$ cat model-v8.txt   # compact mmCIF, N, CA and C atoms
# COMPACT_ATOMS: atom_id res chain seq x y z
N MET A 1 4.42 -8.57 24.78
CA MET A 1 4.63 -7.62 23.72
C MET A 1 3.41 -7.61 22.80
N SER A 2 2.99 -6.44 22.39
CA SER A 2 1.83 -6.34 21.52
C SER A 2 2.21 -6.75 20.09
N GLU A 3 1.19 -7.01 19.30
CA GLU A 3 1.39 -7.41 17.92
C GLU A 3 2.02 -6.28 17.13
N LEU A 4 2.89 -6.62 16.21
CA LEU A 4 3.56 -5.62 15.39
C LEU A 4 2.57 -4.93 14.46
N PRO A 5 2.78 -3.65 14.16
CA PRO A 5 1.93 -2.96 13.18
C PRO A 5 2.08 -3.62 11.81
N LEU A 6 1.08 -3.47 11.00
CA LEU A 6 1.01 -4.17 9.72
C LEU A 6 1.42 -3.28 8.55
N ILE A 7 2.18 -3.87 7.65
CA ILE A 7 2.39 -3.34 6.30
C ILE A 7 1.72 -4.34 5.37
N PHE A 8 0.74 -3.89 4.61
CA PHE A 8 -0.06 -4.76 3.76
C PHE A 8 0.13 -4.34 2.31
N ALA A 9 0.34 -5.29 1.41
CA ALA A 9 0.47 -4.99 -0.02
C ALA A 9 -0.39 -5.96 -0.82
N VAL A 10 -1.04 -5.41 -1.86
CA VAL A 10 -1.92 -6.21 -2.71
C VAL A 10 -1.58 -5.93 -4.16
N ASP A 11 -1.32 -7.00 -4.91
CA ASP A 11 -1.10 -6.89 -6.36
C ASP A 11 -1.42 -8.24 -6.98
N GLU A 12 -2.29 -8.26 -7.96
CA GLU A 12 -2.69 -9.52 -8.58
C GLU A 12 -1.64 -10.05 -9.56
N ASP A 13 -0.66 -9.23 -9.95
CA ASP A 13 0.42 -9.66 -10.84
C ASP A 13 1.43 -10.45 -10.02
N PRO A 14 1.57 -11.77 -10.29
CA PRO A 14 2.45 -12.60 -9.45
C PRO A 14 3.90 -12.15 -9.42
N GLU A 15 4.44 -11.70 -10.55
CA GLU A 15 5.83 -11.26 -10.57
C GLU A 15 6.02 -9.99 -9.76
N ALA A 16 5.10 -9.04 -9.92
CA ALA A 16 5.18 -7.80 -9.15
C ALA A 16 5.01 -8.09 -7.67
N LEU A 17 4.08 -8.97 -7.32
CA LEU A 17 3.84 -9.31 -5.92
C LEU A 17 5.08 -9.95 -5.30
N GLU A 18 5.76 -10.77 -6.06
CA GLU A 18 6.99 -11.40 -5.56
C GLU A 18 8.06 -10.34 -5.27
N ARG A 19 8.22 -9.37 -6.18
CA ARG A 19 9.20 -8.30 -5.95
C ARG A 19 8.80 -7.44 -4.75
N ILE A 20 7.52 -7.09 -4.66
CA ILE A 20 7.03 -6.26 -3.55
C ILE A 20 7.26 -6.99 -2.23
N THR A 21 6.90 -8.26 -2.19
CA THR A 21 7.07 -9.06 -0.98
C THR A 21 8.54 -9.11 -0.57
N GLY A 22 9.41 -9.34 -1.54
CA GLY A 22 10.84 -9.39 -1.26
C GLY A 22 11.36 -8.07 -0.73
N GLU A 23 10.96 -6.98 -1.35
CA GLU A 23 11.44 -5.67 -0.91
C GLU A 23 10.92 -5.31 0.49
N LEU A 24 9.70 -5.71 0.81
CA LEU A 24 9.13 -5.36 2.12
C LEU A 24 9.71 -6.18 3.27
N GLN A 25 10.44 -7.24 2.95
CA GLN A 25 11.05 -8.05 4.02
C GLN A 25 12.06 -7.25 4.83
N ARG A 26 12.55 -6.16 4.27
CA ARG A 26 13.48 -5.28 4.98
C ARG A 26 12.85 -4.76 6.28
N TYR A 27 11.52 -4.69 6.32
CA TYR A 27 10.81 -4.11 7.47
C TYR A 27 10.25 -5.16 8.42
N ALA A 28 10.50 -6.44 8.13
CA ALA A 28 9.85 -7.53 8.86
C ALA A 28 10.27 -7.62 10.33
N ARG A 29 11.36 -7.03 10.71
CA ARG A 29 11.76 -7.07 12.11
C ARG A 29 10.85 -6.21 12.99
N ASP A 30 10.38 -5.10 12.43
CA ASP A 30 9.60 -4.14 13.21
C ASP A 30 8.13 -4.08 12.82
N TYR A 31 7.78 -4.71 11.70
CA TYR A 31 6.40 -4.68 11.21
C TYR A 31 6.02 -6.07 10.73
N ARG A 32 4.74 -6.35 10.80
CA ARG A 32 4.23 -7.59 10.22
C ARG A 32 3.93 -7.28 8.76
N VAL A 33 4.54 -8.03 7.86
CA VAL A 33 4.38 -7.81 6.43
C VAL A 33 3.46 -8.89 5.86
N VAL A 34 2.36 -8.46 5.24
CA VAL A 34 1.42 -9.37 4.61
C VAL A 34 1.21 -8.91 3.18
N CYS A 35 1.39 -9.82 2.23
CA CYS A 35 1.21 -9.50 0.82
C CYS A 35 0.32 -10.56 0.19
N GLY A 36 -0.54 -10.13 -0.72
CA GLY A 36 -1.42 -11.07 -1.38
C GLY A 36 -1.95 -10.54 -2.69
N PRO A 37 -2.60 -11.43 -3.47
CA PRO A 37 -3.08 -11.05 -4.80
C PRO A 37 -4.51 -10.54 -4.86
N SER A 38 -5.27 -10.67 -3.79
CA SER A 38 -6.70 -10.39 -3.87
C SER A 38 -7.13 -9.19 -3.04
N PRO A 39 -7.64 -8.13 -3.69
CA PRO A 39 -8.15 -6.99 -2.93
C PRO A 39 -9.32 -7.38 -2.01
N ALA A 40 -10.18 -8.27 -2.47
CA ALA A 40 -11.33 -8.69 -1.65
C ALA A 40 -10.86 -9.42 -0.39
N ALA A 41 -9.88 -10.31 -0.53
CA ALA A 41 -9.34 -11.02 0.63
C ALA A 41 -8.65 -10.03 1.57
N ALA A 42 -7.94 -9.07 1.00
CA ALA A 42 -7.28 -8.05 1.82
C ALA A 42 -8.31 -7.27 2.61
N LEU A 43 -9.39 -6.89 1.97
CA LEU A 43 -10.44 -6.14 2.65
C LEU A 43 -11.03 -6.94 3.81
N ASN A 44 -11.27 -8.23 3.59
CA ASN A 44 -11.78 -9.08 4.67
C ASN A 44 -10.81 -9.12 5.84
N GLN A 45 -9.53 -9.28 5.54
CA GLN A 45 -8.53 -9.34 6.60
C GLN A 45 -8.43 -7.99 7.33
N LEU A 46 -8.49 -6.90 6.60
CA LEU A 46 -8.42 -5.57 7.22
C LEU A 46 -9.66 -5.28 8.07
N GLU A 47 -10.81 -5.78 7.65
CA GLU A 47 -12.03 -5.63 8.46
C GLU A 47 -11.89 -6.38 9.78
N SER A 48 -11.37 -7.61 9.73
CA SER A 48 -11.21 -8.38 10.97
C SER A 48 -10.13 -7.75 11.86
N MET A 49 -9.14 -7.12 11.26
CA MET A 49 -8.10 -6.47 12.05
C MET A 49 -8.66 -5.26 12.78
N ARG A 50 -9.61 -4.58 12.15
CA ARG A 50 -10.24 -3.45 12.83
C ARG A 50 -10.97 -3.93 14.08
N GLU A 51 -11.68 -5.03 13.93
CA GLU A 51 -12.43 -5.59 15.05
C GLU A 51 -11.51 -5.98 16.20
N SER A 52 -10.30 -6.45 15.87
CA SER A 52 -9.36 -6.86 16.91
C SER A 52 -8.52 -5.70 17.44
N GLY A 53 -8.62 -4.54 16.79
CA GLY A 53 -7.85 -3.38 17.23
C GLY A 53 -6.40 -3.38 16.79
N ALA A 54 -6.05 -4.20 15.81
CA ALA A 54 -4.67 -4.27 15.33
C ALA A 54 -4.28 -2.98 14.62
N ALA A 55 -3.02 -2.61 14.74
CA ALA A 55 -2.50 -1.39 14.11
C ALA A 55 -2.10 -1.68 12.67
N VAL A 56 -2.57 -0.84 11.76
CA VAL A 56 -2.21 -0.94 10.34
C VAL A 56 -1.43 0.32 9.99
N ALA A 57 -0.17 0.14 9.61
CA ALA A 57 0.69 1.28 9.30
C ALA A 57 0.55 1.72 7.85
N ILE A 58 0.66 0.77 6.93
CA ILE A 58 0.65 1.08 5.49
C ILE A 58 -0.15 0.03 4.74
N VAL A 59 -0.91 0.49 3.76
CA VAL A 59 -1.53 -0.42 2.79
C VAL A 59 -1.15 0.08 1.40
N LEU A 60 -0.54 -0.81 0.63
CA LEU A 60 -0.17 -0.54 -0.76
C LEU A 60 -1.05 -1.42 -1.64
N ALA A 61 -1.68 -0.84 -2.64
CA ALA A 61 -2.56 -1.63 -3.50
C ALA A 61 -2.40 -1.23 -4.95
N ALA A 62 -2.22 -2.24 -5.81
CA ALA A 62 -2.19 -2.01 -7.25
C ALA A 62 -3.61 -1.87 -7.75
N ARG A 63 -3.77 -1.17 -8.86
CA ARG A 63 -5.12 -0.95 -9.42
C ARG A 63 -5.78 -2.28 -9.74
N GLY A 64 -5.12 -3.14 -10.46
CA GLY A 64 -5.66 -4.45 -10.79
C GLY A 64 -6.81 -4.43 -11.77
N THR A 65 -7.34 -5.62 -12.04
CA THR A 65 -8.43 -5.79 -12.99
C THR A 65 -9.67 -6.37 -12.33
N GLN A 66 -9.59 -6.66 -11.05
CA GLN A 66 -10.72 -7.28 -10.37
C GLN A 66 -11.81 -6.25 -10.10
N GLU A 67 -12.96 -6.75 -9.66
CA GLU A 67 -14.09 -5.86 -9.40
C GLU A 67 -13.74 -4.78 -8.39
N LEU A 68 -13.02 -5.15 -7.33
CA LEU A 68 -12.58 -4.19 -6.32
C LEU A 68 -11.21 -3.67 -6.75
N LYS A 69 -11.18 -2.48 -7.29
CA LYS A 69 -9.92 -1.86 -7.74
C LYS A 69 -9.09 -1.43 -6.53
N GLY A 70 -7.80 -1.26 -6.75
CA GLY A 70 -6.90 -0.84 -5.68
C GLY A 70 -7.31 0.46 -5.03
N GLU A 71 -7.71 1.44 -5.85
CA GLU A 71 -8.11 2.73 -5.28
C GLU A 71 -9.38 2.61 -4.44
N ASP A 72 -10.25 1.67 -4.81
CA ASP A 72 -11.47 1.45 -4.01
C ASP A 72 -11.13 0.76 -2.69
N LEU A 73 -10.20 -0.18 -2.74
CA LEU A 73 -9.74 -0.82 -1.51
C LEU A 73 -9.14 0.22 -0.57
N LEU A 74 -8.34 1.13 -1.11
CA LEU A 74 -7.70 2.14 -0.27
C LEU A 74 -8.72 3.12 0.33
N THR A 75 -9.80 3.36 -0.38
CA THR A 75 -10.88 4.17 0.18
C THR A 75 -11.48 3.48 1.40
N ARG A 76 -11.70 2.19 1.28
CA ARG A 76 -12.25 1.41 2.40
C ARG A 76 -11.25 1.33 3.56
N VAL A 77 -9.97 1.25 3.24
CA VAL A 77 -8.94 1.21 4.28
C VAL A 77 -9.04 2.46 5.15
N HIS A 78 -9.26 3.61 4.52
CA HIS A 78 -9.36 4.85 5.29
C HIS A 78 -10.54 4.80 6.26
N GLU A 79 -11.63 4.19 5.85
CA GLU A 79 -12.79 4.04 6.72
C GLU A 79 -12.50 3.09 7.88
N LEU A 80 -11.77 2.02 7.60
CA LEU A 80 -11.48 0.99 8.60
C LEU A 80 -10.32 1.36 9.52
N HIS A 81 -9.28 1.92 8.93
CA HIS A 81 -8.04 2.25 9.66
C HIS A 81 -7.63 3.67 9.26
N PRO A 82 -8.29 4.67 9.83
CA PRO A 82 -8.08 6.05 9.37
C PRO A 82 -6.65 6.57 9.50
N HIS A 83 -5.83 5.95 10.34
CA HIS A 83 -4.46 6.44 10.52
C HIS A 83 -3.47 5.74 9.59
N ALA A 84 -3.91 4.70 8.91
CA ALA A 84 -3.02 3.97 8.00
C ALA A 84 -2.66 4.85 6.81
N LYS A 85 -1.43 4.76 6.38
CA LYS A 85 -0.99 5.45 5.17
C LYS A 85 -1.33 4.55 3.98
N ARG A 86 -1.79 5.18 2.89
CA ARG A 86 -2.27 4.43 1.75
C ARG A 86 -1.60 4.91 0.47
N ALA A 87 -1.13 3.96 -0.33
CA ALA A 87 -0.50 4.31 -1.60
C ALA A 87 -0.98 3.38 -2.70
N LEU A 88 -1.28 3.95 -3.84
CA LEU A 88 -1.67 3.19 -5.02
C LEU A 88 -0.40 2.77 -5.75
N LEU A 89 -0.22 1.48 -5.95
CA LEU A 89 0.95 0.95 -6.65
C LEU A 89 0.72 1.03 -8.15
N ILE A 90 1.67 1.64 -8.85
CA ILE A 90 1.57 1.72 -10.31
C ILE A 90 2.88 1.24 -10.92
N PRO A 91 2.82 0.72 -12.13
CA PRO A 91 4.06 0.29 -12.79
C PRO A 91 4.86 1.49 -13.26
N TRP A 92 6.16 1.24 -13.52
CA TRP A 92 7.01 2.28 -14.09
C TRP A 92 6.36 2.75 -15.38
N GLY A 93 6.20 4.05 -15.55
CA GLY A 93 5.55 4.60 -16.73
C GLY A 93 4.03 4.65 -16.61
N GLY A 94 3.50 4.33 -15.44
CA GLY A 94 2.05 4.30 -15.24
C GLY A 94 1.37 5.63 -15.49
N TRP A 95 2.08 6.71 -15.24
CA TRP A 95 1.49 8.04 -15.47
C TRP A 95 1.17 8.26 -16.94
N ALA A 96 1.80 7.52 -17.84
CA ALA A 96 1.54 7.66 -19.27
C ALA A 96 0.18 7.06 -19.66
N ASN A 97 -0.35 6.18 -18.82
CA ASN A 97 -1.66 5.59 -19.06
C ASN A 97 -2.72 6.56 -18.53
N GLN A 98 -3.56 7.06 -19.42
CA GLN A 98 -4.53 8.08 -19.04
C GLN A 98 -5.47 7.62 -17.93
N GLU A 99 -5.91 6.38 -17.99
CA GLU A 99 -6.83 5.86 -16.96
C GLU A 99 -6.15 5.81 -15.59
N THR A 100 -4.90 5.37 -15.57
CA THR A 100 -4.15 5.31 -14.31
C THR A 100 -3.90 6.71 -13.76
N ALA A 101 -3.49 7.63 -14.63
CA ALA A 101 -3.24 9.01 -14.19
C ALA A 101 -4.51 9.64 -13.63
N GLU A 102 -5.62 9.40 -14.27
CA GLU A 102 -6.90 9.95 -13.79
C GLU A 102 -7.29 9.33 -12.45
N ALA A 103 -7.05 8.02 -12.30
CA ALA A 103 -7.36 7.36 -11.03
C ALA A 103 -6.53 7.94 -9.89
N ILE A 104 -5.26 8.22 -10.15
CA ILE A 104 -4.38 8.81 -9.13
C ILE A 104 -4.86 10.20 -8.76
N ARG A 105 -5.08 11.03 -9.77
CA ARG A 105 -5.51 12.41 -9.50
C ARG A 105 -6.83 12.45 -8.74
N THR A 106 -7.78 11.63 -9.14
CA THR A 106 -9.09 11.61 -8.48
C THR A 106 -8.97 11.12 -7.04
N ALA A 107 -8.25 10.01 -6.85
CA ALA A 107 -8.11 9.44 -5.50
C ALA A 107 -7.38 10.40 -4.57
N MET A 108 -6.37 11.09 -5.06
CA MET A 108 -5.64 12.05 -4.23
C MET A 108 -6.51 13.26 -3.91
N ALA A 109 -7.24 13.75 -4.91
CA ALA A 109 -8.09 14.92 -4.69
C ALA A 109 -9.19 14.64 -3.68
N LEU A 110 -9.69 13.41 -3.67
CA LEU A 110 -10.77 13.03 -2.75
C LEU A 110 -10.23 12.56 -1.39
N GLY A 111 -8.91 12.47 -1.26
CA GLY A 111 -8.32 12.02 0.00
C GLY A 111 -8.41 10.51 0.20
N HIS A 112 -8.57 9.76 -0.89
CA HIS A 112 -8.68 8.31 -0.78
C HIS A 112 -7.32 7.62 -0.74
N ILE A 113 -6.30 8.32 -1.20
CA ILE A 113 -4.93 7.80 -1.10
C ILE A 113 -4.04 8.93 -0.60
N ASP A 114 -2.93 8.55 0.02
CA ASP A 114 -1.96 9.54 0.45
C ASP A 114 -0.94 9.82 -0.64
N TYR A 115 -0.54 8.77 -1.37
CA TYR A 115 0.49 8.86 -2.39
C TYR A 115 0.25 7.80 -3.44
N TYR A 116 1.06 7.84 -4.47
CA TYR A 116 1.18 6.71 -5.39
C TYR A 116 2.60 6.20 -5.23
N ALA A 117 2.81 4.94 -5.56
CA ALA A 117 4.14 4.34 -5.43
C ALA A 117 4.45 3.56 -6.69
N LEU A 118 5.65 3.74 -7.20
CA LEU A 118 6.08 2.91 -8.31
C LEU A 118 6.38 1.51 -7.79
N LYS A 119 5.86 0.51 -8.49
CA LYS A 119 6.15 -0.87 -8.10
C LYS A 119 7.65 -1.09 -8.20
N PRO A 120 8.23 -1.85 -7.28
CA PRO A 120 9.66 -2.13 -7.37
C PRO A 120 9.99 -2.78 -8.71
N TRP A 121 11.07 -2.32 -9.31
CA TRP A 121 11.47 -2.88 -10.59
C TRP A 121 12.94 -3.27 -10.62
N SER A 122 13.63 -3.05 -9.52
CA SER A 122 15.01 -3.52 -9.38
C SER A 122 15.16 -4.03 -7.94
N VAL A 123 16.25 -4.76 -7.71
CA VAL A 123 16.49 -5.29 -6.37
C VAL A 123 17.90 -4.90 -5.95
N PRO A 124 18.06 -4.16 -4.87
CA PRO A 124 17.01 -3.50 -4.10
C PRO A 124 16.52 -2.26 -4.84
N ASP A 125 15.31 -1.88 -4.56
CA ASP A 125 14.72 -0.70 -5.19
C ASP A 125 14.65 0.40 -4.14
N GLU A 126 15.68 1.21 -4.09
CA GLU A 126 15.78 2.23 -3.05
C GLU A 126 14.74 3.33 -3.21
N LEU A 127 14.27 3.59 -4.41
CA LEU A 127 13.20 4.56 -4.60
C LEU A 127 11.92 4.08 -3.90
N PHE A 128 11.62 2.80 -4.04
CA PHE A 128 10.47 2.19 -3.36
C PHE A 128 10.66 2.29 -1.85
N HIS A 129 11.87 1.97 -1.39
CA HIS A 129 12.14 2.02 0.06
C HIS A 129 12.07 3.44 0.61
N ARG A 130 12.47 4.39 -0.18
CA ARG A 130 12.37 5.77 0.28
C ARG A 130 10.92 6.14 0.58
N LEU A 131 10.02 5.77 -0.32
CA LEU A 131 8.61 6.06 -0.10
C LEU A 131 8.06 5.29 1.10
N VAL A 132 8.38 4.01 1.19
CA VAL A 132 7.89 3.22 2.32
C VAL A 132 8.42 3.80 3.62
N SER A 133 9.68 4.17 3.66
CA SER A 133 10.25 4.76 4.88
C SER A 133 9.58 6.08 5.24
N GLU A 134 9.29 6.91 4.23
CA GLU A 134 8.59 8.17 4.50
C GLU A 134 7.19 7.91 5.04
N LEU A 135 6.49 6.94 4.47
CA LEU A 135 5.15 6.59 4.96
C LEU A 135 5.21 6.09 6.40
N LEU A 136 6.18 5.24 6.69
CA LEU A 136 6.33 4.73 8.05
C LEU A 136 6.68 5.85 9.03
N HIS A 137 7.53 6.76 8.59
CA HIS A 137 7.89 7.89 9.45
C HIS A 137 6.67 8.73 9.76
N GLU A 138 5.88 9.04 8.74
CA GLU A 138 4.66 9.83 8.97
C GLU A 138 3.68 9.10 9.88
N TRP A 139 3.53 7.79 9.65
CA TRP A 139 2.61 6.99 10.47
C TRP A 139 3.08 6.96 11.93
N ARG A 140 4.37 6.72 12.14
CA ARG A 140 4.91 6.68 13.51
C ARG A 140 4.78 8.01 14.21
N ARG A 141 5.05 9.10 13.49
CA ARG A 141 4.96 10.42 14.07
C ARG A 141 3.53 10.72 14.53
N ALA A 142 2.55 10.28 13.76
CA ALA A 142 1.15 10.54 14.09
C ALA A 142 0.58 9.57 15.12
N ASN A 143 1.24 8.44 15.31
CA ASN A 143 0.72 7.41 16.20
C ASN A 143 1.69 7.12 17.35
$ encode --input "model-v8.txt" --output "structure tokens"
Amino acid sequence: MSELPLIFAVDEDPEALERITGELQRYARDYRVVCGPSPAAALNQLESMRESGAAVAIVLAARGTQELKGEDLLTRVHELHPHAKRALLIPWGGWANQETAEAIRTAMALGHIDYYALKPWSVPDELFHRLVSELLHEWRRAN
């Protein structure tokens, strides 16, 4: 059996990452779920996955405060894994932050992200799952 396709999530906020990781376990039977706090480490892992030919279904990345912002990571993901679905993770109310709203609009206009996703804020967070399921459906249909 071949390796399962990957769902990858990156968020430097430990509490948010714990919720995201927990919510994504719903998909662990059919997908390999990898979550971590570092966009740079994620990029390294995604680069090595390209070399091995591994399938990447979804990458979710929070904007973060590190040098490599989430939207920049998602731009690189498109170069490495052009069929992967990409979503920028934002907190509830993130659209009210002008910098976040501008990052979403710019990244979407340039084709660097497919969607934005609200970080899970309840358990279970069916709104989050609806988006993840739609992304997986689109990815499966295209692949």
$ residues_around --input "model-v8.txt" --residues "segment 78-94 of chain A" --least-positions-apart "4" --cutoff "6.5 Å" --atoms "all atoms listed in the file" --output "MDAnalysis selection string"
chainID A and resid 50 56:63 70:71 73:74 98 100:101 112:119 135 139
$ closest_residue --input "model-v8.txt" --among "A:Glu67, A:Glu51, A:Glu102, A:Glu3" --to "Asp30 of chain A" --atoms "all atoms listed in the file"
A:Glu3
$ atom_distance --input "model-v8.txt" --atom1 "atom CA of Val33 of chain A" --atom2 "atom CA of Ala109 of chain A"
28.2 Å
$ atom_distance --input "model-v8.txt" --atom1 "atom N of Asn97 of chain A" --atom2 "atom N of Asp72 of chain A"
17.7 Å
$ atom_distance --input "model-v8.txt" --atom1 "atom CA of His129 of chain A" --atom2 "atom CA of Glu23 of chain A"
7.8 Å
$ select_by_dssp --input "model-v8.txt" --residues "chain A" --states "alpha helix (DSSP H)" --output "NGL selection string"
:A and (14-24 or 39-52 or 70-80 or 98-109 or 126-142)
$ select_by_dssp --input "model-v8.txt" --residues "segment 34-117 of chain A" --states "strand (DSSP E)" --output "list in words"
Val34, Cys35, Gly36, Val56, Ala57, Ile58, Val59, Leu60, Ala61, Ala62, Lys85, Arg86, Ala87, Leu88, Leu89, Ile90, Tyr115, Tyr116 and Ala117 of chain A
$ closest_residue --input "model-v8.txt" --among "A:Ala142, A:Leu17, A:Leu131, A:Leu6" --to "Met49 of chain A" --atoms "only C-alpha atoms"
A:Leu6
$ closest_residue --input "model-v8.txt" --among "A:Gln45, A:Ser133, A:Ser122, A:Ser38" --to "Leu68 of chain A" --atoms "all atoms listed in the file"
A:Ser38
$ closest_residue --input "model-v8.txt" --among "A:Trp121, A:Phe128, A:Trp95, A:Phe8" --to "Leu43 of chain A" --atoms "only C-alpha atoms"
A:Phe8
